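The next block is input.cif, given as mmCIF, C-alpha atoms.
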data_my_file
#
loop_
_atom_site.label_atom_id
_atom_site.label_comp_id
_atom_site.auth_asym_id
_atom_site.auth_seq_id
_atom_site.Cartn_x
_atom_site.Cartn_y
_atom_site.Cartn_z
CA MET A 1 3.36 10.45 -19.56
CA ALA A 2 4.99 12.28 -22.48
CA ASP A 3 6.68 10.55 -25.43
CA ILE A 4 9.67 12.88 -25.39
CA PHE A 5 11.58 14.66 -22.61
CA ILE A 6 13.75 17.68 -23.45
CA SER A 7 16.78 18.52 -21.30
CA TYR A 8 18.31 21.97 -21.78
CA SER A 9 19.95 24.89 -20.03
CA GLN A 10 17.76 27.82 -19.00
CA GLN A 11 19.71 30.11 -21.34
CA ASP A 12 18.53 27.96 -24.28
CA ARG A 13 14.81 28.07 -23.49
CA ASP A 14 13.90 29.59 -26.88
CA GLU A 15 15.67 26.81 -28.80
CA ALA A 16 14.05 24.15 -26.61
CA ARG A 17 10.65 25.75 -27.26
CA LEU A 18 11.19 25.54 -31.04
CA ILE A 19 12.15 21.86 -30.86
CA ALA A 20 9.16 21.08 -28.65
CA ALA A 21 6.78 22.93 -30.98
CA PHE A 22 8.16 21.05 -34.01
CA LEU A 23 7.74 17.64 -32.36
CA GLU A 24 4.25 18.47 -31.08
CA ALA A 25 3.28 19.49 -34.61
CA GLU A 26 4.37 16.01 -35.70
CA GLY A 27 1.93 14.49 -33.20
CA TYR A 28 4.27 13.65 -30.30
CA SER A 29 3.69 14.62 -26.69
CA VAL A 30 6.62 16.57 -25.27
CA TRP A 31 7.56 17.43 -21.69
CA TRP A 32 9.95 20.15 -20.64
CA ASP A 33 10.05 22.07 -17.38
CA THR A 34 7.52 24.71 -18.46
CA SER A 35 4.97 21.96 -17.71
CA LEU A 36 5.75 22.20 -13.99
CA LEU A 37 2.92 23.37 -11.79
CA SER A 38 3.39 25.94 -9.04
CA GLY A 39 4.46 24.33 -5.77
CA GLU A 40 5.69 21.08 -7.28
CA ASN A 41 8.96 19.54 -6.16
CA PHE A 42 11.10 20.76 -9.07
CA ARG A 43 13.81 18.11 -9.11
CA LYS A 44 11.48 15.22 -8.25
CA ALA A 45 9.03 16.16 -11.03
CA ILE A 46 11.82 16.36 -13.61
CA MET A 47 13.27 12.98 -12.65
CA THR A 48 9.81 11.41 -12.70
CA GLU A 49 9.03 12.68 -16.19
CA LEU A 50 12.49 11.70 -17.46
CA GLY A 51 11.94 8.17 -16.19
CA ARG A 52 8.48 7.90 -17.75
CA SER A 53 9.41 9.26 -21.19
CA ARG A 54 10.34 6.93 -24.06
CA ALA A 55 12.92 9.26 -25.60
CA ALA A 56 15.04 12.07 -24.14
CA ILE A 57 16.51 14.89 -26.22
CA VAL A 58 19.53 16.60 -24.66
CA LEU A 59 20.39 19.96 -26.18
CA TRP A 60 24.14 20.64 -25.99
CA THR A 61 25.04 24.33 -26.22
CA GLU A 62 27.78 26.59 -24.91
CA SER A 63 25.88 26.94 -21.63
CA SER A 64 24.45 23.40 -21.24
CA VAL A 65 27.84 21.70 -21.54
CA HIS A 66 28.67 23.30 -18.18
CA SER A 67 25.32 22.45 -16.54
CA ASP A 68 25.48 19.69 -13.93
CA TRP A 69 21.73 19.14 -14.27
CA VAL A 70 21.87 18.62 -18.02
CA GLN A 71 24.79 16.21 -17.64
CA SER A 72 22.93 14.31 -14.94
CA GLU A 73 19.77 14.03 -17.07
CA ALA A 74 21.86 12.96 -20.07
CA GLY A 75 23.51 10.26 -17.96
CA ARG A 76 20.17 8.89 -16.79
CA ALA A 77 18.76 8.91 -20.31
CA HIS A 78 21.87 7.18 -21.66
CA ALA A 79 21.64 4.50 -18.95
CA ASP A 80 18.01 3.89 -19.99
CA ARG A 81 19.06 3.68 -23.66
CA LYS A 82 16.77 6.48 -24.80
CA LEU A 83 19.20 9.40 -25.20
CA ILE A 84 18.98 11.47 -28.41
CA PRO A 85 21.68 14.16 -28.21
CA VAL A 86 21.53 17.29 -30.39
CA LYS A 87 23.89 20.27 -30.45
CA ALA A 88 24.13 23.83 -31.55
CA ARG A 89 26.25 24.42 -34.66
CA SER A 90 28.70 26.47 -32.61
CA VAL A 91 29.45 23.49 -30.33
CA SER A 92 32.09 20.97 -31.40
CA TYR A 93 32.49 17.41 -30.17
CA LYS A 94 35.48 18.33 -28.03
CA ASP A 95 33.29 20.80 -26.11
CA ILE A 96 30.78 18.11 -25.08
CA PRO A 97 31.52 16.40 -21.74
CA PRO A 98 32.50 12.72 -21.85
CA PRO A 99 31.24 10.09 -22.37
CA PHE A 100 28.69 11.86 -24.59
CA ASP A 101 31.41 13.24 -26.89
CA ASN A 102 31.83 9.77 -28.45
CA MET A 103 28.18 9.56 -29.58
CA HIS A 104 26.76 10.63 -32.91
CA ILE A 105 25.05 13.98 -32.33
CA GLU A 106 22.67 15.72 -34.74
CA ASN A 107 22.62 19.48 -35.24
CA ALA A 108 19.68 21.14 -33.50
CA ALA A 109 18.77 22.97 -36.70
CA ASP A 110 18.39 19.73 -38.68
CA ARG A 111 14.81 18.98 -37.68
CA GLU A 112 14.25 16.10 -40.10
CA LYS A 113 17.20 14.11 -38.75
CA ILE A 114 15.99 14.71 -35.18
CA LEU A 115 12.53 13.47 -36.23
CA ALA A 116 14.07 10.35 -37.81
CA ALA A 117 16.00 9.63 -34.60
CA ILE A 118 12.81 10.06 -32.53
CA THR A 119 10.86 7.73 -34.85
CA ALA A 120 13.57 5.07 -34.64
CA GLN A 121 13.77 5.35 -30.84
CA LEU A 122 10.02 5.09 -30.30
CA ALA A 123 9.82 2.15 -32.71
CA LYS A 124 12.10 0.09 -30.43
CA PRO A 125 10.25 -2.46 -28.33
CA GLN A 126 10.31 -1.53 -24.68
CA GLU A 127 12.87 -3.52 -22.76
CA GLN A 128 11.31 -6.50 -21.04
CA ALA A 129 12.40 -7.76 -17.68
CA SER A 130 14.02 -11.19 -17.58
CA ASP A 131 12.04 -14.25 -16.54
CA LEU A 132 14.09 -14.49 -13.34
CA SER A 133 13.42 -10.84 -12.49
CA ARG A 134 9.69 -11.22 -13.11
CA PHE A 135 9.62 -14.42 -11.05
CA ALA A 136 11.47 -12.75 -8.14
CA LYS A 137 9.13 -9.74 -8.23
CA LYS A 138 6.06 -11.98 -8.36
CA THR A 139 7.38 -14.12 -5.51
CA ARG A 140 8.02 -11.09 -3.29
CA PHE A 141 4.51 -9.82 -3.95
CA GLU A 142 2.91 -13.22 -3.25
CA LEU A 143 4.87 -13.60 -0.02
CA LEU A 144 3.75 -10.16 1.12
CA SER A 145 0.19 -10.90 0.03
CA TRP A 146 -0.17 -14.24 1.83
CA PHE A 147 1.75 -12.96 4.86
CA GLY A 148 -0.93 -10.32 5.31
CA ILE A 149 -3.81 -12.74 4.75
CA LEU A 150 -2.55 -15.58 6.94
CA GLY A 151 -1.43 -13.17 9.67
CA ALA A 152 -4.87 -11.58 9.78
CA VAL A 153 -6.53 -15.02 9.85
CA VAL A 154 -4.45 -16.29 12.78
CA THR A 155 -4.70 -13.02 14.73
CA LEU A 156 -8.47 -12.73 14.38
CA THR A 157 -8.89 -16.41 15.24
CA SER A 158 -6.71 -15.96 18.33
CA ASN A 159 -9.06 -13.14 19.34
CA LEU A 160 -11.82 -15.79 19.45
CA GLN A 161 -10.09 -17.99 22.01
CA SER A 162 -12.51 -16.93 24.75
CA ALA A 163 -15.53 -17.39 22.47
CA LEU A 164 -14.72 -20.86 21.08
CA THR A 165 -14.24 -24.32 22.48
CA LEU A 166 -10.78 -25.21 21.25
CA ALA A 167 -9.20 -28.50 20.37
CA ARG A 168 -5.80 -29.24 21.85
CA TRP A 169 -3.79 -28.41 18.75
CA THR A 170 -5.79 -25.22 18.12
CA ARG A 171 -5.36 -24.04 21.70
CA GLN A 172 -1.62 -24.75 21.68
CA PHE A 173 -1.18 -23.08 18.29
CA LEU A 174 -3.13 -19.93 19.17
CA GLU A 175 -1.53 -19.64 22.60
CA SER A 176 1.90 -19.90 20.97
CA TRP A 177 0.92 -17.25 18.44
CA THR A 178 -0.36 -14.78 21.05
CA SER A 179 2.72 -15.38 23.20
CA ALA A 180 4.98 -14.73 20.21
CA ILE A 181 3.30 -11.47 19.18
CA ALA A 182 3.21 -10.30 22.80
CA TYR A 183 6.95 -11.00 23.05
CA VAL A 184 7.66 -9.06 19.85
CA TRP A 185 5.54 -6.05 20.80
CA HIS A 186 7.03 -6.03 24.30
CA TYR A 187 10.45 -5.28 22.79
CA VAL A 188 9.15 -2.94 20.11
CA LEU A 189 7.25 -0.86 22.69
CA PHE A 190 9.85 -1.19 25.43
CA PHE A 191 9.02 2.29 26.75
CA LEU A 192 5.57 1.18 27.99
CA PRO A 193 5.39 0.02 31.63
CA LYS A 194 3.55 -3.12 30.56
CA LEU A 195 2.07 -4.53 27.37
CA TYR A 196 -0.98 -6.75 27.68
CA THR A 197 -1.72 -9.67 25.39
CA THR A 198 -5.02 -8.19 24.24
CA ASP A 199 -3.26 -5.00 23.20
CA ALA A 200 -0.62 -7.01 21.33
CA VAL A 201 -3.45 -8.62 19.36
CA ILE A 202 -4.88 -5.19 18.46
CA LEU A 203 -1.45 -3.91 17.39
CA THR A 204 -0.90 -7.02 15.27
CA LEU A 205 -4.28 -6.55 13.60
CA ALA A 206 -3.29 -2.96 12.81
CA THR A 207 0.01 -4.18 11.31
CA PHE A 208 -1.67 -6.75 9.09
CA ALA A 209 -4.26 -4.16 8.04
CA ILE A 210 -1.35 -2.04 6.77
CA VAL A 211 0.21 -5.04 4.98
CA ASN A 212 -3.08 -5.90 3.27
CA MET A 213 -3.63 -2.27 2.31
CA VAL A 214 -0.15 -2.05 0.74
CA ALA A 215 -0.67 -5.33 -1.15
CA SER A 216 -3.95 -3.94 -2.57
CA LEU A 217 -2.37 -0.80 -4.02
CA ARG A 218 -2.15 -0.33 -7.77
CA GLN A 219 -0.80 2.37 -10.05
CA GLN A 220 -3.63 4.74 -10.89
CA ALA A 221 -3.39 4.00 -14.60
CA ASP A 222 -3.51 0.24 -14.09
CA GLU A 223 -7.11 0.10 -12.96
CA THR A 224 -9.81 1.14 -15.40
CA PRO A 225 -12.63 3.06 -13.74
CA ARG A 226 -15.80 1.00 -13.50
CA ILE A 227 -19.34 2.22 -13.19
CA GLY A 228 -22.77 0.80 -12.67
CA ILE A 229 -23.40 -2.76 -11.54
CA LEU A 230 -19.74 -3.80 -11.37
CA ALA A 231 -18.76 -0.89 -9.10
CA THR A 232 -21.78 -1.45 -6.88
CA GLY A 233 -21.10 -5.19 -6.61
CA LYS A 234 -17.47 -4.55 -5.68
CA ALA A 235 -18.47 -2.03 -3.01
CA LEU A 236 -21.10 -4.39 -1.55
CA SER A 237 -18.57 -7.23 -1.50
CA ILE A 238 -16.14 -5.10 0.52
CA VAL A 239 -18.91 -3.98 2.90
CA PHE A 240 -20.21 -7.51 3.55
CA ALA A 241 -16.73 -8.96 4.11
CA SER A 242 -15.88 -6.05 6.42
CA LEU A 243 -19.07 -6.59 8.42
CA ILE A 244 -18.29 -10.28 8.86
CA LEU A 245 -14.76 -9.55 10.05
CA SER A 246 -16.05 -6.79 12.36
CA CYS A 247 -18.52 -9.24 13.92
CA ILE A 248 -15.72 -11.79 14.38
CA PHE A 249 -13.54 -9.14 16.00
CA LEU A 250 -16.34 -7.85 18.25
CA SER A 251 -17.45 -11.34 19.32
CA GLY A 252 -13.98 -12.21 20.56
CA PHE A 253 -13.40 -8.75 21.99
CA GLY A 254 -16.77 -8.62 23.76
CA THR A 255 -16.59 -12.15 25.18
CA GLY A 256 -13.06 -11.65 26.45
CA VAL A 257 -13.89 -8.34 28.08
CA MET A 258 -17.04 -9.60 29.80
CA GLU A 259 -15.16 -12.59 31.18
CA GLU A 260 -12.48 -10.34 32.62
CA PHE A 261 -14.80 -7.58 33.84
CA PRO A 262 -15.53 -9.11 37.26
CA ALA A 263 -11.83 -9.06 38.13
CA GLY A 264 -11.94 -5.45 39.20
CA GLY A 265 -14.26 -3.44 37.05
CA PRO A 266 -13.37 -1.05 34.23
CA GLY A 267 -10.56 0.50 36.23
CA ASP A 268 -8.61 -2.76 36.53
CA MET A 269 -6.25 -3.31 33.58
CA SER A 270 -4.33 -6.16 35.19
CA ARG A 271 -6.19 -8.63 33.01
CA THR A 272 -8.08 -6.68 30.36
CA GLY A 273 -5.34 -4.45 28.95
CA TYR A 274 -5.44 -0.86 27.70
CA TYR A 275 -7.64 -1.40 24.64
CA ASN A 276 -10.18 -3.68 26.28
CA ASN A 277 -10.35 -1.55 29.41
CA TYR A 278 -11.01 1.73 27.69
CA GLY A 279 -13.12 0.01 25.06
CA LEU A 280 -15.25 -1.52 27.82
CA VAL A 281 -15.81 1.89 29.40
CA MET A 282 -16.83 3.31 26.03
CA VAL A 283 -19.13 0.38 25.26
CA ALA A 284 -20.73 0.55 28.70
CA GLY A 285 -21.30 4.28 28.28
CA ALA A 286 -22.67 3.75 24.77
CA LEU A 287 -25.12 1.07 25.97
CA LYS A 288 -26.27 3.34 28.78
CA MET A 289 -26.86 6.15 26.31
CA ILE A 290 -28.89 3.83 24.08
CA PHE A 291 -30.99 2.77 27.08
CA ASN A 292 -31.61 6.37 28.06
CA ALA A 293 -32.38 7.34 24.47
CA LEU A 294 -35.05 4.65 24.20
CA MET A 295 -36.87 5.86 27.31
CA PRO A 296 -40.17 7.63 26.56
CA GLY A 297 -39.97 11.38 26.40
CA THR A 298 -36.22 11.50 25.70
CA PRO A 299 -35.42 14.50 23.47
CA SER A 300 -33.11 14.16 20.44
CA ARG A 301 -33.44 10.38 20.51
CA THR A 302 -32.31 9.96 16.92
CA VAL A 303 -29.21 12.09 17.43
CA LEU A 304 -28.19 10.06 20.49
CA VAL A 305 -28.62 6.74 18.69
CA ILE A 306 -26.57 7.95 15.72
CA PHE A 307 -23.86 9.24 18.05
CA VAL A 308 -23.70 5.90 19.87
CA LEU A 309 -23.49 3.94 16.62
CA VAL A 310 -20.66 6.15 15.44
CA LEU A 311 -18.90 5.62 18.78
CA LEU A 312 -19.18 1.85 18.46
CA ALA A 313 -17.93 2.02 14.87
CA LEU A 314 -14.88 3.97 16.03
CA ILE A 315 -14.07 1.28 18.60
CA VAL A 316 -14.08 -1.34 15.84
CA ALA A 317 -12.10 0.91 13.47
CA ILE A 318 -9.18 1.60 15.82
CA PRO A 319 -6.97 -1.21 14.35
CA LEU A 320 -7.67 0.16 10.85
CA LEU A 321 -6.73 3.79 11.55
CA PRO A 322 -2.96 3.41 10.89
CA ALA A 323 -3.68 1.82 7.48
CA VAL A 324 -6.15 4.60 6.63
CA VAL A 325 -3.65 7.30 7.60
CA ILE A 326 -0.82 5.72 5.58
CA TYR A 327 -3.08 5.31 2.56
CA GLY A 328 -4.13 8.95 2.84
CA LEU A 329 -0.47 10.02 2.75
CA LEU A 330 0.32 7.74 -0.22
CA ARG A 331 -2.73 8.96 -2.12
CA THR A 332 -1.70 12.61 -1.77
CA THR A 333 2.01 12.09 -2.57
CA THR A 334 2.01 9.29 -5.21
CA SER A 335 -0.05 8.02 -8.13
CA VAL A 336 -1.02 4.76 -6.41
CA ARG A 337 -4.64 4.04 -5.52
CA LEU A 338 -6.40 1.31 -3.58
CA SER A 339 -7.76 -1.42 -5.86
CA GLY A 340 -11.29 -2.28 -4.78
CA ALA A 341 -11.17 -5.66 -6.50
CA ALA A 342 -7.89 -6.62 -4.80
CA LEU A 343 -9.13 -5.44 -1.40
CA ALA A 344 -12.41 -7.38 -1.72
CA ALA A 345 -10.52 -10.55 -2.70
CA ARG A 346 -8.20 -10.24 0.29
CA LEU A 347 -11.05 -9.63 2.75
CA TRP A 348 -12.94 -12.70 1.55
CA ARG A 349 -9.78 -14.81 1.75
CA VAL A 350 -9.40 -13.75 5.38
CA VAL A 351 -13.04 -14.67 6.05
CA ALA A 352 -12.58 -18.03 4.34
CA GLY A 353 -9.36 -18.67 6.26
CA ILE A 354 -11.02 -18.03 9.61
CA GLY A 355 -13.91 -20.29 8.62
CA LEU A 356 -11.47 -23.03 7.64
CA VAL A 357 -9.56 -22.83 10.94
CA VAL A 358 -12.80 -22.90 12.96
CA ALA A 359 -14.09 -25.87 10.93
CA LEU A 360 -10.84 -27.80 11.44
CA ASN A 361 -10.98 -26.98 15.15
CA TYR A 362 -14.46 -28.46 15.59
CA LEU A 363 -13.58 -31.44 13.42
CA SER A 364 -10.64 -32.05 15.74
CA LEU A 365 -12.93 -31.72 18.77
CA TRP A 366 -15.30 -34.30 17.30
CA ILE A 367 -12.40 -36.67 16.64
CA GLU A 368 -11.09 -36.20 20.18
CA GLN A 369 -14.47 -37.26 21.58
CA GLN A 370 -14.64 -40.53 19.64
CA PRO A 371 -13.96 -43.76 21.62
CA TRP A 372 -11.35 -44.95 19.18
CA ALA A 373 -9.54 -41.59 19.45
CA LEU A 374 -9.60 -41.74 23.27
CA ASN A 375 -8.22 -45.27 23.25
CA TRP A 376 -5.52 -44.29 20.81
CA SER A 377 -4.50 -41.25 22.88
CA ARG A 378 -4.11 -43.46 25.96
#
Taking this structure as input, can you express it in the form of structure tokens?
Amino acid sequence: MADIFISYSQQDRDEARLIAAFLEAEGYSVWWDTSLLSGENFRKAIMTELGRSRAAIVLWTESSVHSDWVQSEAGRAHADRKLIPVKARSVSYKDIPPPFDNMHIENAADREKILAAITAQLAKPQEQASDLSRFAKKTRFELLSWFGILGAVVTLTSNLQSALTLARWTRQFLESWTSAIAYVWHYVLFFLPKLYTTDAVILTLATFAIVNMVASLRQQADETPRIGILATGKALSIVFASLILSCIFLSGFGTGVMEEFPAGGPGDMSRTGYYNNYGLVMVAGALKMIFNALMPGTPSRTVLVIFVLVLLALIVAIPLLPAVVIYGLLRTTTSVRLSGAALAARLWRVVAGIGLVVALNYLSLWIEQQPWALNWSR
């Protein structure tokens, strides 16, 4: 981010270069369009640098007063209260387009006055957002953040319905949740012949993975690079939380599939759904490959085991692929990066949330089995 942005007409490049050199000699960082790299989006890069700068010099000359780009940049700088207009001696106030003709404008040759204007502009405290604006922004972020966490908790817990003994309220709540998400996805994916509940769960997990990824993004400059023990601890925290959530996902997925398998085998999707059906075929093939690889005399045993483990990892990673793809696009087109600390915190909150729901479920089951609870329910 440069301190000063210079807006000028291409015919006045030499004058803009002199002003930039003078300001750089005074210790300021200056951006003008010679800083553009080959292949960059010209207009987007200019608007980005104009927005980031703390002061914007607009050079009014016989050619720039007729430039739509210079007028547009001057208007944006004026709206941000950081415009410092300068003019060539041959240009009079009546030649400058309104509303800039009513402003005090220094002559481009008077370098000391330009420097004084820059010093005064950069000495101004940066405009702070109002308390209401900050509160609204914080509230929107918190709602998005907890929406992603709670949604992931409920969806992963609903995936465990076949693996857990549920209390009445838990069963009713999770059944209502799965019915609701199945209803929503049925209308979103109306072009499919049929959408199964298990597939709606997978799609919902993918959606909340995207939400949690977006809520964990930070501007690249906001997060100081960390090395050593702190970076290792953060990475291990993410890995352990991810392993726990993967086990939770696989336990519900595996139990549900094995319960439905006798209905008609891997080719019957009437009860298992697209994801579970194809996932079951892949898992069955992977287990068979492992069995064959462990037989004595099997060549390339290590390669087969690694291949099978990668295959199983891909099955687990399917709900995460949309989030990974979107993050890859954001990383290549913007300055945002994924915050490891924020991601680790969110993963552990999801783990804690699932643990809390399961604990409340079994507490409710214990209460339901007590004589006084049975008498009260009657």
The PyMOL selection byres ((chain A and resi 20) around 10) applied to the shown file, residues as a PyMOL selection string:
chain A and resi 4-6+14-19+21-26+28-32+57
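Excluding Arg54 in chain A itself and any same-chain residue fewer than 5 positions from it, the protein and nucleic acid residues within 12 Å of it, counting only C-alpha atoms, are Met1, Ala2, Asp3, Ile4, Phe5, Ile6, Tyr28, Ser29, Val30, Trp31, Glu49, Ala77, His78, Asp80, Arg81, Lys82, Leu83, Ile84, Ile118, Thr119, Ala120, Gln121, Leu122, Ala123, Lys124, Pro125, Gln126 and Glu127 of chain A.
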Under the PyMOL selection byres ((chain A and resi 173) around 12), which residues of this model are included? Write them out as JSON, numbers by chain.
{"A": [154, 155, 157, 158, 161, 166, 167, 168, 169, 170, 171, 172, 174, 175, 176, 177, 178, 179, 180, 357, 361]}
C-alpha atoms of the current selection, written as a PDB file, keeping the file's coordinate frame:
ATOM      1  CA  VAL A 154      -4.450 -16.290  12.780  1.00  0.00           C
ATOM      2  CA  THR A 155      -4.700 -13.020  14.730  1.00  0.00           C
ATOM      3  CA  THR A 157      -8.890 -16.410  15.240  1.00  0.00           C
ATOM      4  CA  SER A 158      -6.710 -15.960  18.330  1.00  0.00           C
ATOM      5  CA  GLN A 161     -10.090 -17.990  22.010  1.00  0.00           C
ATOM      6  CA  LEU A 166     -10.780 -25.210  21.250  1.00  0.00           C
ATOM      7  CA  ALA A 167      -9.200 -28.500  20.370  1.00  0.00           C
ATOM      8  CA  ARG A 168      -5.800 -29.240  21.850  1.00  0.00           C
ATOM      9  CA  TRP A 169      -3.790 -28.410  18.750  1.00  0.00           C
ATOM     10  CA  THR A 170      -5.790 -25.220  18.120  1.00  0.00           C
ATOM     11  CA  ARG A 171      -5.360 -24.040  21.700  1.00  0.00           C
ATOM     12  CA  GLN A 172      -1.620 -24.750  21.680  1.00  0.00           C
ATOM     13  CA  LEU A 174      -3.130 -19.930  19.170  1.00  0.00           C
ATOM     14  CA  GLU A 175      -1.530 -19.640  22.600  1.00  0.00           C
ATOM     15  CA  SER A 176       1.900 -19.900  20.970  1.00  0.00           C
ATOM     16  CA  TRP A 177       0.920 -17.250  18.440  1.00  0.00           C
ATOM     17  CA  THR A 178      -0.360 -14.780  21.050  1.00  0.00           C
ATOM     18  CA  SER A 179       2.720 -15.380  23.200  1.00  0.00           C
ATOM     19  CA  ALA A 180       4.980 -14.730  20.210  1.00  0.00           C
ATOM     20  CA  VAL A 357      -9.560 -22.830  10.940  1.00  0.00           C
ATOM     21  CA  ASN A 361     -10.980 -26.980  15.150  1.00  0.00           C
TER      22      ASN A 361
END
Applied to this file, what does the PyMOL selection byres ((chain A and resi 160) around 8) return in terms of residues, put as a VMD selection string?
chain A and resid 156 to 159 161 to 164 248 to 249 251 to 253
Box centre and edge lengths (Å, one decimal), axis-aligned, range 95-98 of chain A plus 3 Å each side, as JSON:
{"center_x": 32.0, "center_y": 16.8, "center_z": -23.9, "size_x": 8.5, "size_y": 14.1, "size_z": 10.4}
Would you work out the distance separating CA of His104 in chain A from CA of Lys44 in chain A, expressed in Å to one decimal?
29.4 Å
Counting only C-alpha atoms, which residues of range 99-192 of chain A sit at most 12 Å from some atom of range 342-350 of chain A, and what is each one's closest atom pair with its distance in Å to one decimal, listed by chain and rising residue number, as a tab-separated table?
residue	atom	partner	partner_atom	distance
A:Leu144	CA	A:Arg346	CA	12.0
A:Ser145	CA	A:Arg346	CA	8.4
A:Trp146	CA	A:Arg346	CA	9.1
A:Phe147	CA	A:Val350	CA	11.2
A:Gly148	CA	A:Arg346	CA	8.8
A:Ile149	CA	A:Val350	CA	5.7
A:Leu150	CA	A:Val350	CA	7.3
A:Gly151	CA	A:Val350	CA	9.1
A:Ala152	CA	A:Val350	CA	6.7
A:Val153	CA	A:Val350	CA	5.5
A:Val154	CA	A:Val350	CA	9.3
A:Thr155	CA	A:Val350	CA	10.5
A:Leu156	CA	A:Val350	CA	9.1
A:Thr157	CA	A:Val350	CA	10.2
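Atom pair CA of Pro85 in chain A / CA of Ala45 in chain A has a distance of 21.4 Å (rounded to one decimal).
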Residue neighbourhood Ser339 in chain A, 7 Å, all atoms listed in the file, exclusion window fewer than 5 positions, as a PDB file with C-alpha atoms, keeping the file's coordinate frame:
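Wrote it out as part-v7.pdb, contents follow:
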ATOM      1  CA  SER A 216      -3.950  -3.940  -2.570  1.00  0.00           C
ATOM      2  CA  LEU A 217      -2.370  -0.800  -4.020  1.00  0.00           C
ATOM      3  CA  ARG A 218      -2.150  -0.330  -7.770  1.00  0.00           C
TER       4      ARG A 218
END
At what distance in Å, to one decimal, does CA of Asn107 in chain A lie from CA of Ser92 in chain A?
10.3 Å
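You can rank A:Leu250, A:Gly340, A:Thr333, A:Thr165 by their closest distance to Trp366 in chain A using all atoms listed in the file, and at the top of that list sits A:Thr165.
If only C-alpha atoms are the atoms counted, then among A:Ala136, A:Val86, A:Ile96, A:Ala56 the closest residue to Ile114 in chain A is A:Val86.
Using only C-alpha atoms for every distance, the candidate list A:Asn212, A:Thr61, A:Thr204, A:Asn102 yields A:Asn212 as the residue closest to Tyr327 in chain A.
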Using only C-alpha atoms, which residue out of A:Ile202, A:Val214, A:Val184, A:Ala55 lies closest to Leu115 in chain A?
A:Ala55
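Minimum distance to Lys138 in chain A across A:Ala200, A:Leu356, A:Ala215, A:Val70 (counting all atoms listed in the file) occurs at A:Ala215.
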